[in-house]
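Enquirer: One structure, pasted below without further comment.
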Amino acid sequence: MNREFLEENGVNVEKGLELLGDMEMYNETMEDFLNEINEKYPSAVNYMNQGDMPNYAIIVHSIKSDSKYLGFTRLAELAYNHEIKSKENDIDYVKSNFGELEDEINRIMEIVKKYLGKE
């Protein structure tokens, strides 16, 4: 597992280590993230399509928290924006900006899969 690979792809590993302590815990958390994002992402899409902003807010809050722990700074920021807007019931913002969030989720998933050797 190559820490430099993560850093070259914009992952703030140092921030993750501040919160998680060591690389072993970081890597375990990364595994959990990958497993959970495969459930959270479709749920987010589903809640958005249903206009269920309270549950959408819960999912993007969770993605934000996980991203923060792992140093996925941009994903954490985008998820935070979606969390705030969904709590304001701003479905127009959520729908018109979902593509950007989706792209970043997919980008991070690819990085995590490569890092963990899951490809």
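Identifiers for the structure tokens are assigned positionally: chains receive A, B, ... in sequence, residues are indexed from 1 per chain, and ligands are indexed from 1 in the order shown.
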With only C-alpha atoms as the counted atoms, please give the residues lying no more than 12 Å from Asn106 of chain A, apart from itself and same-chain residues fewer than 4 positions off, as a ChimeraX atom specification.

Expert: /A:34,37-38,41,75,99-102,110-113

Enquirer: Between A:Lys95, A:Lys15, A:Gly10, A:Arg107, single out the one closest to Asn46 of chain A, counting only C-alpha atoms.

Expert: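 Nearest candidate to Asn46 of chain A out of A:Lys95, A:Lys15, A:Gly10, A:Arg107: A:Lys95.
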
Enquirer: Name the residues of chain A that come out as helix (DSSP H, G or I) in a backbone DSSP run; write them as number ranges by chain.

Expert: A: 3-8, 13-20, 23-50, 53-70, 73-87, 91-116

Enquirer: For Asp92 of chain A, list every protein, DNA or RNA residue within 12 Å, evaluated using only C-alpha atoms, and leave out those in the same chain fewer than 2 positions away; present the list as a list in words.

Expert: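 In the requested format, the answer is Met48, Asn49, Gly51, Met53, His82, Lys85, Ser86, Glu88, Asn89, Asp90, Val94, Lys95, Ser96, Asn97 and Phe98 of chain A.
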
Enquirer: Dump N, CA and C atoms for the selected residues as a PDB file, in the first residue's frame?

Expert:
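Final output, saved to out37.pdb:
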ATOM      1  N   MET A  48     -32.439  11.210  -3.230  1.00  0.00           N
ATOM      2  CA  MET A  48     -32.506  12.423  -4.051  1.00  0.00           C
ATOM      3  C   MET A  48     -33.662  12.312  -5.048  1.00  0.00           C
ATOM      4  N   ASN A  49     -33.739  11.179  -5.729  1.00  0.00           N
ATOM      5  CA  ASN A  49     -34.790  11.000  -6.736  1.00  0.00           C
ATOM      6  C   ASN A  49     -36.190  11.025  -6.131  1.00  0.00           C
ATOM      7  N   GLY A  51     -36.889  12.862  -3.550  1.00  0.00           N
ATOM      8  CA  GLY A  51     -37.061  14.155  -2.898  1.00  0.00           C
ATOM      9  C   GLY A  51     -37.044  14.047  -1.384  1.00  0.00           C
ATOM     10  N   MET A  53     -35.241  14.675   1.395  1.00  0.00           N
ATOM     11  CA  MET A  53     -34.072  15.433   1.834  1.00  0.00           C
ATOM     12  C   MET A  53     -33.599  15.080   3.254  1.00  0.00           C
ATOM     13  N   HIS A  82     -23.764  19.542   0.246  1.00  0.00           N
ATOM     14  CA  HIS A  82     -25.022  18.827   0.008  1.00  0.00           C
ATOM     15  C   HIS A  82     -25.788  18.619   1.309  1.00  0.00           C
ATOM     16  N   LYS A  85     -27.435  22.029   2.197  1.00  0.00           N
ATOM     17  CA  LYS A  85     -28.546  22.357   1.287  1.00  0.00           C
ATOM     18  C   LYS A  85     -29.727  21.409   1.462  1.00  0.00           C
ATOM     19  N   SER A  86     -29.449  20.135   1.713  1.00  0.00           N
ATOM     20  CA  SER A  86     -30.564  19.200   1.891  1.00  0.00           C
ATOM     21  C   SER A  86     -31.290  19.474   3.204  1.00  0.00           C
ATOM     22  N   GLU A  88     -31.736  22.354   4.322  1.00  0.00           N
ATOM     23  CA  GLU A  88     -32.567  23.531   3.994  1.00  0.00           C
ATOM     24  C   GLU A  88     -33.681  23.146   3.007  1.00  0.00           C
ATOM     25  N   ASN A  89     -33.756  21.849   2.684  1.00  0.00           N
ATOM     26  CA  ASN A  89     -34.721  21.318   1.718  1.00  0.00           C
ATOM     27  C   ASN A  89     -34.558  21.939   0.332  1.00  0.00           C
ATOM     28  N   ASP A  90     -33.331  22.260  -0.032  1.00  0.00           N
ATOM     29  CA  ASP A  90     -33.026  22.865  -1.334  1.00  0.00           C
ATOM     30  C   ASP A  90     -32.748  21.760  -2.358  1.00  0.00           C
ATOM     31  N   VAL A  94     -29.395  20.341  -4.731  1.00  0.00           N
ATOM     32  CA  VAL A  94     -28.949  18.946  -4.645  1.00  0.00           C
ATOM     33  C   VAL A  94     -28.941  18.313  -6.032  1.00  0.00           C
ATOM     34  N   LYS A  95     -30.034  18.460  -6.759  1.00  0.00           N
ATOM     35  CA  LYS A  95     -30.132  17.826  -8.076  1.00  0.00           C
ATOM     36  C   LYS A  95     -29.177  18.454  -9.087  1.00  0.00           C
ATOM     37  N   SER A  96     -29.057  19.777  -9.064  1.00  0.00           N
ATOM     38  CA  SER A  96     -28.203  20.407 -10.069  1.00  0.00           C
ATOM     39  C   SER A  96     -26.719  20.265  -9.769  1.00  0.00           C
ATOM     40  N   ASN A  97     -26.363  19.931  -8.538  1.00  0.00           N
ATOM     41  CA  ASN A  97     -24.954  19.767  -8.179  1.00  0.00           C
ATOM     42  C   ASN A  97     -24.571  18.314  -7.881  1.00  0.00           C
ATOM     43  N   PHE A  98     -25.520  17.398  -8.074  1.00  0.00           N
ATOM     44  CA  PHE A  98     -25.237  16.007  -7.739  1.00  0.00           C
ATOM     45  C   PHE A  98     -24.144  15.409  -8.622  1.00  0.00           C
TER      46      PHE A  98
END

Enquirer: Of the candidates A:Phe33, A:Tyr26, A:Tyr93, A:Tyr56, which one gets nearest to Ile105 of chain A if we count only C-alpha atoms?

Expert: A:Phe33

Enquirer: Interatomic distance between atom CA of Leu19 of chain A and atom CA of Pro42 of chain A?

Expert: 27.4 Å

Enquirer: Atom CA of Val60 of chain A and atom CA of Glu31 of chain A, how far apart in Å?

Expert: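 These atoms are spaced 18.6 Å apart.
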